[in-house]
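Asker: Structure: model.pdb, PDB, C-alpha atoms.
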```
ATOM      1  CA  MET A   1      -1.100  -2.643   2.359
ATOM      2  CA  THR A   2      -0.838  -2.781   6.130
ATOM      3  CA  THR A   3       2.037  -2.261   8.546
ATOM      4  CA  ARG A   4       0.042  -3.968  11.314
ATOM      5  CA  ALA A   5       0.969  -7.345  12.747
ATOM      6  CA  ALA A   6      -1.400 -10.180  11.856
ATOM      7  CA  VAL A   7      -3.578 -11.721  14.568
ATOM      8  CA  ALA A   8      -5.192 -15.151  14.756
ATOM      9  CA  ASP A   9      -8.805 -13.980  14.990
ATOM     10  CA  ASP A  10     -11.495 -12.212  12.980
ATOM     11  CA  ARG A  11      -9.713  -8.863  13.252
ATOM     12  CA  LEU A  12      -7.045 -10.135  10.778
ATOM     13  CA  PHE A  13      -4.614  -7.396  11.871
ATOM     14  CA  GLY A  14      -4.238  -5.767  15.282
ATOM     15  CA  GLU A  15      -2.555  -2.702  16.727
ATOM     16  CA  ASP A  16       0.998  -4.049  16.983
ATOM     17  CA  ARG A  17       3.574  -3.076  14.375
ATOM     18  CA  ALA A  18       4.847  -5.609  11.873
ATOM     19  CA  ALA A  19       8.490  -5.839  10.838
ATOM     20  CA  THR A  20       7.472  -5.785   7.172
ATOM     21  CA  PRO A  21       4.235  -4.735   5.433
ATOM     22  CA  THR A  22       1.575  -7.185   4.289
ATOM     23  CA  PHE A  23      -0.137  -6.925   0.912
ATOM     24  CA  GLY A  24      -3.441  -8.376  -0.133
ATOM     25  CA  GLU A  25      -6.995  -7.835  -1.286
ATOM     26  CA  ILE A  26     -10.101  -7.537   0.867
ATOM     27  CA  ASN A  27     -13.693  -7.405  -0.331
ATOM     28  CA  ILE A  28     -16.180  -5.523   1.833
ATOM     29  CA  GLY A  29     -19.882  -6.259   1.723
ATOM     30  CA  ILE A  30     -22.158  -3.227   2.054
ATOM     31  CA  PRO A  31     -25.722  -3.724   3.294
ATOM     32  CA  PRO A  32     -28.710  -2.785   1.135
ATOM     33  CA  ILE A  33     -29.935  -0.410   3.862
ATOM     34  CA  HIS A  34     -26.733   1.669   3.619
ATOM     35  CA  GLN A  35     -27.152   5.440   3.770
ATOM     36  CA  PRO A  36     -24.549   7.823   2.256
ATOM     37  CA  GLY A  37     -22.005   8.994   4.812
ATOM     38  CA  GLN A  38     -22.749   6.172   7.257
ATOM     39  CA  VAL A  39     -20.794   3.040   8.172
ATOM     40  CA  GLU A  40     -23.356   0.581   9.499
ATOM     41  CA  THR A  41     -21.531  -1.768  11.879
ATOM     42  CA  THR A  42     -22.175  -3.886  14.952
ATOM     43  CA  ASP A  43     -20.138  -5.066  17.923
ATOM     44  CA  GLY A  44     -21.590  -8.531  17.420
ATOM     45  CA  VAL A  45     -21.791 -10.847  14.439
ATOM     46  CA  PRO A  46     -22.541  -8.728  11.349
ATOM     47  CA  ASP A  47     -25.791  -9.250   9.493
ATOM     48  CA  PRO A  48     -25.100  -8.734   5.744
ATOM     49  CA  ALA A  49     -28.560  -7.232   5.387
ATOM     50  CA  ARG A  50     -27.768  -4.504   7.915
ATOM     51  CA  HIS A  51     -24.009  -4.221   8.441
ATOM     52  CA  PHE A  52     -20.699  -3.806   6.646
ATOM     53  CA  TYR A  53     -18.834  -7.125   6.649
ATOM     54  CA  ASN A  54     -15.693  -8.844   5.433
ATOM     55  CA  ALA A  55     -16.712 -10.733   2.296
ATOM     56  CA  GLY A  56     -13.325 -12.312   1.600
ATOM     57  CA  VAL A  57      -9.581 -11.819   1.958
ATOM     58  CA  MET A  58      -6.721 -12.842  -0.305
ATOM     59  CA  ARG A  59      -3.169 -12.268   0.914
ATOM     60  CA  TYR A  60      -0.509 -11.582  -1.699
ATOM     61  CA  ALA A  61       2.874 -13.265  -1.550
ATOM     62  CA  ASP A  62       4.685  -9.937  -1.893
ATOM     63  CA  ALA A  63       4.488  -6.405  -3.260
ATOM     64  CA  ARG A  64       4.950  -7.656  -6.815
ATOM     65  CA  ALA A  65       1.521  -9.304  -6.643
ATOM     66  CA  LEU A  66       0.005  -5.932  -5.715
ATOM     67  CA  LYS A  67       1.810  -4.366  -8.664
ATOM     68  CA  ARG A  68       0.325  -6.964 -11.011
ATOM     69  CA  ALA A  69      -3.166  -6.427  -9.589
ATOM     70  CA  VAL A  70      -2.973  -2.648 -10.018
ATOM     71  CA  SER A  71      -1.420  -2.925 -13.481
ATOM     72  CA  THR A  72      -4.330  -4.968 -14.823
ATOM     73  CA  GLU A  73      -6.917  -2.415 -13.724
ATOM     74  CA  GLY A  74      -5.944   0.377 -16.147
ATOM     75  CA  ARG A  75      -7.685   2.994 -14.004
ATOM     76  CA  PRO A  76      -6.563   5.943 -11.848
ATOM     77  CA  THR A  77      -5.380   4.806  -8.435
ATOM     78  CA  VAL A  78      -6.421   6.337  -5.104
ATOM     79  CA  VAL A  79      -4.215   5.585  -2.104
ATOM     80  CA  PHE A  80      -6.025   6.225   1.185
ATOM     81  CA  VAL A  81      -4.189   6.636   4.507
ATOM     82  CA  HIS A  82      -6.435   6.629   7.585
ATOM     83  CA  GLY A  83      -6.027   8.671  10.743
ATOM     84  CA  TYR A  84      -5.570   8.339  14.502
ATOM     85  CA  ASN A  85      -7.628   5.947  16.630
ATOM     86  CA  ASN A  86      -8.596   3.487  13.888
ATOM     87  CA  THR A  87      -8.662  -0.292  13.986
ATOM     88  CA  PHE A  88      -8.021  -2.244  10.805
ATOM     89  CA  ALA A  89     -11.737  -2.926  10.385
ATOM     90  CA  GLU A  90     -12.787   0.675  11.067
ATOM     91  CA  SER A  91     -10.390   2.141   8.516
ATOM     92  CA  THR A  92     -11.205  -0.524   5.915
ATOM     93  CA  PHE A  93     -14.964  -0.091   6.302
ATOM     94  CA  ARG A  94     -14.647   3.695   6.101
ATOM     95  CA  PHE A  95     -12.662   3.536   2.860
ATOM     96  CA  ALA A  96     -15.189   1.074   1.432
ATOM     97  CA  GLN A  97     -18.004   3.470   2.376
ATOM     98  CA  ILE A  98     -16.279   6.380   0.641
ATOM     99  CA  LEU A  99     -15.721   4.348  -2.510
ATOM    100  CA  ASN A 100     -19.317   3.137  -2.540
ATOM    101  CA  ASP A 101     -20.786   6.596  -1.993
ATOM    102  CA  LEU A 102     -18.606   8.337  -4.563
ATOM    103  CA  ASP A 103     -19.212   5.597  -7.150
ATOM    104  CA  ARG A 104     -16.054   6.314  -9.149
ATOM    105  CA  ASP A 105     -14.196   4.066 -11.588
ATOM    106  CA  ILE A 106     -10.879   3.934  -9.713
ATOM    107  CA  THR A 107      -8.436   1.403  -8.321
ATOM    108  CA  PRO A 108      -8.447   1.735  -4.503
ATOM    109  CA  VAL A 109      -5.351   1.046  -2.414
ATOM    110  CA  HIS A 110      -5.861   1.126   1.337
ATOM    111  CA  VAL A 111      -2.888   1.839   3.621
ATOM    112  CA  SER A 112      -3.596   0.722   7.182
ATOM    113  CA  TRP A 113      -0.802   1.644   9.564
ATOM    114  CA  ALA A 114      -0.523   0.408  13.147
ATOM    115  CA  SER A 115      -2.907   2.686  15.021
ATOM    116  CA  ARG A 116      -3.712   1.585  18.561
ATOM    117  CA  GLY A 117      -7.400   2.091  17.841
ATOM    118  CA  SER A 118      -8.081   3.763  21.177
ATOM    119  CA  SER A 119      -8.430   7.357  22.326
ATOM    120  CA  GLY A 120      -5.529   6.931  24.772
ATOM    121  CA  GLY A 121      -3.081   5.870  22.071
ATOM    122  CA  TYR A 122      -2.199   9.265  20.594
ATOM    123  CA  VAL A 123       1.562   9.118  21.164
ATOM    124  CA  TYR A 124       1.750   5.459  20.084
ATOM    125  CA  ASP A 125      -0.184   6.344  16.946
ATOM    126  CA  ARG A 126       2.085   9.257  16.093
ATOM    127  CA  ASP A 127       5.147   7.025  16.412
ATOM    128  CA  SER A 128       3.456   4.352  14.280
ATOM    129  CA  ALA A 129       2.662   6.973  11.647
ATOM    130  CA  LEU A 130       6.334   7.946  11.428
ATOM    131  CA  ILE A 131       7.385   4.297  11.217
ATOM    132  CA  ALA A 132       4.991   3.752   8.288
ATOM    133  CA  ARG A 133       6.418   6.570   6.142
ATOM    134  CA  ASP A 134       9.077   4.478   4.402
ATOM    135  CA  ASP A 135       6.614   1.727   3.539
ATOM    136  CA  LEU A 136       4.245   4.283   2.010
ATOM    137  CA  ALA A 137       7.136   5.795   0.047
ATOM    138  CA  ASP A 138       8.070   2.325  -1.231
ATOM    139  CA  LEU A 139       4.447   1.745  -2.223
ATOM    140  CA  LEU A 140       4.354   4.980  -4.232
ATOM    141  CA  VAL A 141       7.549   3.947  -6.035
ATOM    142  CA  LEU A 142       5.935   0.610  -6.863
ATOM    143  CA  LEU A 143       2.740   2.239  -8.138
ATOM    144  CA  ALA A 144       4.756   4.540 -10.401
ATOM    145  CA  THR A 145       5.733   1.447 -12.392
ATOM    146  CA  SER A 146       2.259  -0.127 -12.356
ATOM    147  CA  ASN A 147       0.172   2.047 -14.680
ATOM    148  CA  ASP A 148       0.150   5.327 -16.580
ATOM    149  CA  ASN A 149      -2.916   6.853 -14.921
ATOM    150  CA  GLY A 150      -1.238   8.321 -11.869
ATOM    151  CA  VAL A 151      -2.067   8.292  -8.175
ATOM    152  CA  THR A 152      -4.187  10.460  -5.911
ATOM    153  CA  LEU A 153      -2.736  10.320  -2.399
ATOM    154  CA  ALA A 154      -5.528  10.963   0.126
ATOM    155  CA  ALA A 155      -4.878  11.113   3.854
ATOM    156  CA  HIS A 156      -7.109  11.821   6.828
ATOM    157  CA  SER A 157      -6.143  13.329  10.178
ATOM    158  CA  MET A 158      -2.856  11.806  11.454
ATOM    159  CA  GLY A 159      -2.589   9.923   8.185
ATOM    160  CA  SER A 160      -1.459  13.272   6.788
ATOM    161  CA  LEU A 161       1.738  12.865   8.809
ATOM    162  CA  VAL A 162       2.392   9.534   7.061
ATOM    163  CA  ALA A 163       1.671  11.070   3.652
ATOM    164  CA  VAL A 164       3.820  14.185   4.014
ATOM    165  CA  GLU A 165       6.693  12.222   5.550
ATOM    166  CA  ALA A 166       6.523   9.781   2.622
ATOM    167  CA  LEU A 167       6.826  12.719   0.205
ATOM    168  CA  ILE A 168       9.907  13.845   2.129
ATOM    169  CA  GLN A 169      11.440  10.376   1.803
ATOM    170  CA  LEU A 170      10.779  10.328  -1.939
ATOM    171  CA  SER A 171      12.354  13.768  -2.288
ATOM    172  CA  LYS A 172      15.448  12.749  -0.325
ATOM    173  CA  ARG A 173      15.816   9.605  -2.430
ATOM    174  CA  ARG A 174      15.323  11.668  -5.603
ATOM    175  CA  GLU A 175      12.487   9.404  -6.734
ATOM    176  CA  ALA A 176      11.349  11.845  -9.403
ATOM    177  CA  ALA A 177       9.202   9.284 -11.248
ATOM    178  CA  ALA A 178       7.253   8.388  -8.112
ATOM    179  CA  LEU A 179       6.685  12.035  -7.205
ATOM    180  CA  SER A 180       5.518  12.986 -10.689
ATOM    181  CA  ASN A 181       3.173   9.986 -10.704
ATOM    182  CA  VAL A 182       1.270  11.522  -7.770
ATOM    183  CA  ASN A 183      -1.302  13.689  -9.551
ATOM    184  CA  ARG A 184      -2.570  15.310  -6.392
ATOM    185  CA  VAL A 185      -2.373  15.094  -2.607
ATOM    186  CA  LEU A 186      -5.502  15.504  -0.507
ATOM    187  CA  LEU A 187      -5.030  16.195   3.206
ATOM    188  CA  VAL A 188      -8.372  15.975   4.987
ATOM    189  CA  ALA A 189      -8.540  17.468   8.495
ATOM    190  CA  PRO A 190      -4.753  17.133   8.777
ATOM    191  CA  ASP A 191      -3.619  16.549  12.359
ATOM    192  CA  LEU A 192      -0.310  18.316  11.889
ATOM    193  CA  ASP A 193       1.344  21.181  13.699
ATOM    194  CA  GLY A 194       1.225  24.046  11.214
ATOM    195  CA  ASP A 195       4.847  25.045  11.790
ATOM    196  CA  LEU A 196       5.926  21.426  11.362
ATOM    197  CA  PHE A 197       4.058  21.240   8.055
ATOM    198  CA  THR A 198       5.811  24.376   6.809
ATOM    199  CA  ASP A 199       9.186  22.876   7.716
ATOM    200  CA  GLN A 200       8.284  19.522   6.149
ATOM    201  CA  MET A 201       7.187  21.017   2.849
ATOM    202  CA  ALA A 202      10.465  22.912   2.548
ATOM    203  CA  GLN A 203      12.019  19.457   2.130
ATOM    204  CA  VAL A 204       9.541  18.212  -0.489
ATOM    205  CA  ALA A 205      10.091  18.491  -4.241
ATOM    206  CA  TYR A 206       6.392  18.629  -5.077
ATOM    207  CA  PRO A 207       4.240  21.520  -6.392
ATOM    208  CA  THR A 208       2.070  23.125  -3.723
ATOM    209  CA  ASP A 209      -0.779  23.768  -6.161
ATOM    210  CA  GLN A 210      -1.343  20.012  -6.376
ATOM    211  CA  ILE A 211      -1.903  19.763  -2.624
ATOM    212  CA  PHE A 212      -5.471  20.216  -1.392
ATOM    213  CA  ILE A 213      -6.024  20.879   2.323
ATOM    214  CA  ALA A 214      -9.538  20.421   3.723
ATOM    215  CA  VAL A 215     -10.017  22.438   6.923
ATOM    216  CA  ASN A 216     -12.824  22.937   9.420
ATOM    217  CA  GLN A 217     -12.613  25.587  12.109
ATOM    218  CA  GLY A 218     -15.154  23.648  14.181
ATOM    219  CA  ASP A 219     -13.257  20.339  14.148
ATOM    220  CA  ARG A 220     -13.541  19.062  17.732
ATOM    221  CA  ALA A 221     -11.054  16.219  17.322
ATOM    222  CA  LEU A 222      -8.338  18.618  16.170
ATOM    223  CA  ALA A 223      -9.159  20.946  19.065
ATOM    224  CA  LEU A 224      -8.490  18.008  21.410
ATOM    225  CA  SER A 225      -5.313  17.145  19.512
ATOM    226  CA  GLY A 226      -4.131  20.712  20.009
ATOM    227  CA  ARG A 227      -4.588  20.378  23.754
ATOM    228  CA  ILE A 228      -2.798  17.001  23.850
ATOM    229  CA  THR A 229       0.201  18.321  21.928
ATOM    230  CA  GLY A 230       0.327  21.665  23.729
ATOM    231  CA  ASN A 231      -0.156  23.588  20.500
ATOM    232  CA  GLN A 232      -3.687  24.824  19.798
ATOM    233  CA  SER A 233      -2.978  25.418  16.109
ATOM    234  CA  ARG A 234      -3.402  22.363  13.854
ATOM    235  CA  LEU A 235      -3.119  22.516  10.078
ATOM    236  CA  GLY A 236      -6.742  21.398   9.673
ATOM    237  CA  ARG A 237      -8.072  23.939  12.201
ATOM    238  CA  ASP A 238      -6.991  27.397  13.414
ATOM    239  CA  PHE A 239      -4.037  27.693  11.021
ATOM    240  CA  ASP A 240      -3.514  30.689   8.736
ATOM    241  CA  THR A 241      -5.401  29.611   5.616
ATOM    242  CA  ASP A 242      -4.606  32.903   3.867
ATOM    243  CA  GLN A 243      -0.910  32.120   4.165
ATOM    244  CA  LEU A 244      -1.486  28.589   2.872
ATOM    245  CA  GLU A 245      -3.225  29.984  -0.207
ATOM    246  CA  GLN A 246      -0.451  32.533  -0.742
ATOM    247  CA  ASP A 247       2.001  29.640  -0.665
ATOM    248  CA  GLY A 248       0.039  27.987  -3.460
ATOM    249  CA  TYR A 249      -1.917  25.322  -1.579
ATOM    250  CA  ARG A 250      -5.555  24.645  -2.485
ATOM    251  CA  VAL A 251      -7.538  25.235   0.707
ATOM    252  CA  VAL A 252     -11.045  23.770   0.973
ATOM    253  CA  ASP A 253     -12.938  25.236   3.951
ATOM    254  CA  LEU A 254     -15.675  22.895   5.203
ATOM    255  CA  SER A 255     -16.569  24.952   8.272
ATOM    256  CA  GLU A 256     -20.117  25.716   7.089
ATOM    257  CA  ILE A 257     -21.068  22.083   6.366
ATOM    258  CA  ASP A 258     -23.466  20.873   9.043
ATOM    259  CA  ASP A 259     -24.793  17.489   7.910
ATOM    260  CA  GLY A 260     -21.787  15.236   8.568
ATOM    261  CA  ASP A 261     -20.285  13.681  11.699
ATOM    262  CA  VAL A 262     -21.045  15.525  14.920
ATOM    263  CA  GLY A 263     -17.434  16.477  15.619
ATOM    264  CA  GLY A 264     -16.787  17.709  12.081
ATOM    265  CA  HIS A 265     -13.600  15.678  11.739
ATOM    266  CA  PHE A 266     -14.340  13.677   8.574
ATOM    267  CA  LEU A 267     -16.961  15.656   6.688
ATOM    268  CA  LEU A 268     -15.658  14.584   3.273
ATOM    269  CA  ALA A 269     -16.709  11.030   4.133
ATOM    270  CA  SER A 270     -19.727  11.593   6.355
ATOM    271  CA  SER A 271     -21.594  14.539   4.819
ATOM    272  CA  PRO A 272     -24.232  13.472   2.242
ATOM    273  CA  THR A 273     -24.075  17.002   0.810
ATOM    274  CA  LEU A 274     -20.339  16.828   0.165
ATOM    275  CA  LEU A 275     -20.469  13.243  -1.071
ATOM    276  CA  GLY A 276     -23.154  14.175  -3.570
ATOM    277  CA  PHE A 277     -21.124  17.152  -4.739
ATOM    278  CA  LEU A 278     -17.932  15.119  -5.123
ATOM    279  CA  SER A 279     -19.647  12.290  -6.974
ATOM    280  CA  ALA A 280     -20.979  14.800  -9.534
ATOM    281  CA  LEU A 281     -17.522  16.202 -10.315
ATOM    282  CA  GLN A 282     -15.589  15.221 -13.416
ATOM    283  CA  PRO A 283     -13.661  11.941 -13.078
ATOM    284  CA  LEU A 284     -10.129  12.041 -11.753
ATOM    285  CA  GLU A 285      -7.534  12.601 -14.437
TER     286      GLU A 285
END
```
Would you encode the structure as structure tokens?

Answerer:
Amino acid sequence: MTTRAAVADDRLFGEDRAATPTFGEINIGIPPIHQPGQVETTDGVPDPARHFYNAGVMRYADARALKRAVSTEGRPTVVFVHGYNNTFAESTFRFAQILNDLDRDITPVHVSWASRGSSGGYVYDRDSALIARDDLADLLVLLATSNDNGVTLAAHSMGSLVAVEALIQLSKRREAAALSNVNRVLLVAPDLDGDLFTDQMAQVAYPTDQIFIAVNQGDRALALSGRITGNQSRLGRDFDTDQLEQDGYRVVDLSEIDDGDVGGHFLLASSPTLLGFLSALQPLE
């Protein structure tokens, strides 16, 4: 699902916001030289032997077609919400890389909201994230009627704002079936003001012990976000993790991992050590 407006070029969807979401299926080709944690891309024409590439797109007529596609899978569903400064291609390739490296038998649903895809678009991205919350909530309601295996809601960086706001919307609407269908929520390097998160969760009818928060005290991107917003403390860095654990949240501290991306902002996707550990865990229930 994407809340981006379609464009008439190879990007498929750009940075502008669409009035209504688009649903479809995209197949991503992964090169044989792929290394775990990496997304091998090019600014030019991709070479399938060396680069990730779009191997085919099918647009659905409406959300009901997505429901039918998910219903036929009969597997646990993972909904992934990307973060700030992502184009449609970047977020899609990254999710494909995660799925490939984890090698799990799941049904993936990618949520691509209208990020500007540039470092100067922080405020635009935050507004786009808030606009996307209702569409994500509607998607979770739809998935609750699609299969009996439940949903893992995974969000990275500013995508955590979309995810938490969607949980608020579901709680306000009293969508108990949709909330109970979410088996767990994974917030990776959440770019959220810690005080805002506390206030948000007071409005959510969802158990805190099913929410996992991956933090990294050395996350450079969140340090920059803190300076942009005027608040140094972000939920994924420099927040009181002891208090989070006392409140029942599952905190995963990645601060000592040193083999992922240089800035430490998406270690769960870029660290071969973590990817190997996660792939060896028991399948999602």

Asker: Assuming the chain letters and numbering stay as they are in my file, what does the PyMOL selection byres ((chain A and resi 167-169) around 7) actually select? List them as a PDB file with C-alpha atoms, in the coordinates of the input.

Answerer:
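Here's the written file selection02.pdb:
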```pdb
ATOM      1  CA  ASP A 134       9.077   4.478   4.402  1.00  0.00           C
ATOM      2  CA  ALA A 137       7.136   5.795   0.047  1.00  0.00           C
ATOM      3  CA  ALA A 163       1.671  11.070   3.652  1.00  0.00           C
ATOM      4  CA  VAL A 164       3.820  14.185   4.014  1.00  0.00           C
ATOM      5  CA  GLU A 165       6.693  12.222   5.550  1.00  0.00           C
ATOM      6  CA  ALA A 166       6.523   9.781   2.622  1.00  0.00           C
ATOM      7  CA  LEU A 170      10.779  10.328  -1.939  1.00  0.00           C
ATOM      8  CA  SER A 171      12.354  13.768  -2.288  1.00  0.00           C
ATOM      9  CA  LYS A 172      15.448  12.749  -0.325  1.00  0.00           C
ATOM     10  CA  ARG A 173      15.816   9.605  -2.430  1.00  0.00           C
ATOM     11  CA  GLN A 203      12.019  19.457   2.130  1.00  0.00           C
ATOM     12  CA  VAL A 204       9.541  18.212  -0.489  1.00  0.00           C
TER      13      VAL A 204
END
```

Asker: Find the residues near Ala5 (chain A): any atom within 9 Å, counting all atoms listed in the file, skip ones fewer than 5 places away on the same chain, and give them as a list in words.

Answerer: Leu12, Phe13, Gly14, Glu15, Asp16, Arg17, Ala18, Ala19, Thr20, Pro21, Thr22 and Ala114 of chain A

Asker: Just the number, please: distance in Å from CA of Ala63 (chain A) to CA of Asp191 (chain A), one decimal.

Answerer: 28.9 Å

Asker: Can you turn the PyMOL selection byres ((chain A and resi 105) around 8) into a concrete residue list for this file, as a list in words?

Answerer: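 Applying the expression gives Arg75, Pro76, Asp103, Arg104, Ile106 and Thr107 of chain A.
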
Asker: Would you give me, as JSON lines, each residue of region 150-190 of chain A having an atom within 9 Å of an atom of region 234-253 of chain A, along with its shortest atom pair and that distance in Å to one decimal, using all atoms listed in the file and sorting by chain and residue number?

Answerer:
```
{"residue": "A:Ser157", "atom": "CA", "partner": "A:Gly236", "partner_atom": "CA", "distance": 8.1}
{"residue": "A:Leu187", "atom": "CA", "partner": "A:Gly236", "partner_atom": "CA", "distance": 8.5}
{"residue": "A:Val188", "atom": "CA", "partner": "A:Gly236", "partner_atom": "CA", "distance": 7.4}
{"residue": "A:Ala189", "atom": "CA", "partner": "A:Gly236", "partner_atom": "CA", "distance": 4.5}
{"residue": "A:Pro190", "atom": "CA", "partner": "A:Gly236", "partner_atom": "CA", "distance": 4.8}
```

Asker: Using Å and a single decimal, report how far CA of Ala129 (chain A) sits from CA of Pro207 (chain A).

Answerer: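 Atom-to-atom, CA of Pro207 (chain A) to CA of Ala129 (chain A), that is 23.2 Å.
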
Asker: Nearest to Ser146 (chain A): which of A:Val39, A:Val215, A:Ala221, A:Val70 is it, counting all atoms listed in the file?

Answerer: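 Of the candidates, the smallest distance to Ser146 (chain A) is held by A:Val70.
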
Asker: What would the selection look like, as a count of residues only, if the PyMOL selection byres ((chain A and resi 64) around 12) were run on the coordinates I just shared?

Answerer: 21

Asker: Mind checking which residues fall within 7 Å of region 82-90 of chain A, counting all atoms listed in the file, ignoring those fewer than 6 positions away in the same chain, and posting them as a ChimeraX atom specification?

Answerer: /A:11,13-14,112,115-119,125,155-159

Asker: Using only C-alpha atoms, pick whichever of A:Arg184, A:Arg4, A:Arg50, A:Arg59 has the shortest atom-to-atom distance to Asn27 (chain A).

Answerer: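 Ranking A:Arg184, A:Arg4, A:Arg50, A:Arg59 by distance to Asn27 (chain A), first place goes to A:Arg59.
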
Asker: Using only C-alpha atoms, which of A:Leu102, A:Gly120, A:Gln97, A:Asp9 sits nearest Thr41 (chain A)?

Answerer: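 Selected residue with least distance to Thr41 (chain A): A:Gln97.
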
Asker: Quick one: distance from CA of Ser225 (chain A) to CA of Val79 (chain A) in Å, one decimal?

Answerer: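 One can read the CA of Ser225 (chain A) to CA of Val79 (chain A) distance as 24.5 Å.
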
Asker: How big is the axis-aligned box, and where does its centre sit, when it encloses all atoms of region 5-16 of chain A listed in the file and has 4 Å added on every side, reported in Å to one decimal as lines of an AutoDock Vina configuration file?

Answerer:
```
center_x = -5.2
center_y = -8.9
center_z = 13.9
size_x = 20.5
size_y = 20.4
size_z = 14.2
```

Asker: Residues near His265 (chain A), anyone? I mean within 8 Å using only C-alpha atoms, not counting same-chain ones fewer than 2 positions away, as a PDB file with C-alpha atoms, in the frame of the given file.

Answerer:
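Saved to result_9.pdb:
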```
ATOM      1  CA  SER A 157      -6.143  13.329  10.178  1.00  0.00           C
ATOM      2  CA  ALA A 189      -8.540  17.468   8.495  1.00  0.00           C
ATOM      3  CA  ASN A 216     -12.824  22.937   9.420  1.00  0.00           C
ATOM      4  CA  ASP A 219     -13.257  20.339  14.148  1.00  0.00           C
ATOM      5  CA  ARG A 220     -13.541  19.062  17.732  1.00  0.00           C
ATOM      6  CA  ALA A 221     -11.054  16.219  17.322  1.00  0.00           C
ATOM      7  CA  LEU A 222      -8.338  18.618  16.170  1.00  0.00           C
ATOM      8  CA  ASP A 261     -20.285  13.681  11.699  1.00  0.00           C
ATOM      9  CA  GLY A 263     -17.434  16.477  15.619  1.00  0.00           C
ATOM     10  CA  LEU A 267     -16.961  15.656   6.688  1.00  0.00           C
TER      11      LEU A 267
END
```

Asker: Which one of A:Ala8, A:Ala202, A:Ala55, A:Ala176 sits closest to Ala96 (chain A) if you count all atoms listed in the file?

Answerer: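 The answer is A:Ala55, which sits nearest to Ala96 (chain A).
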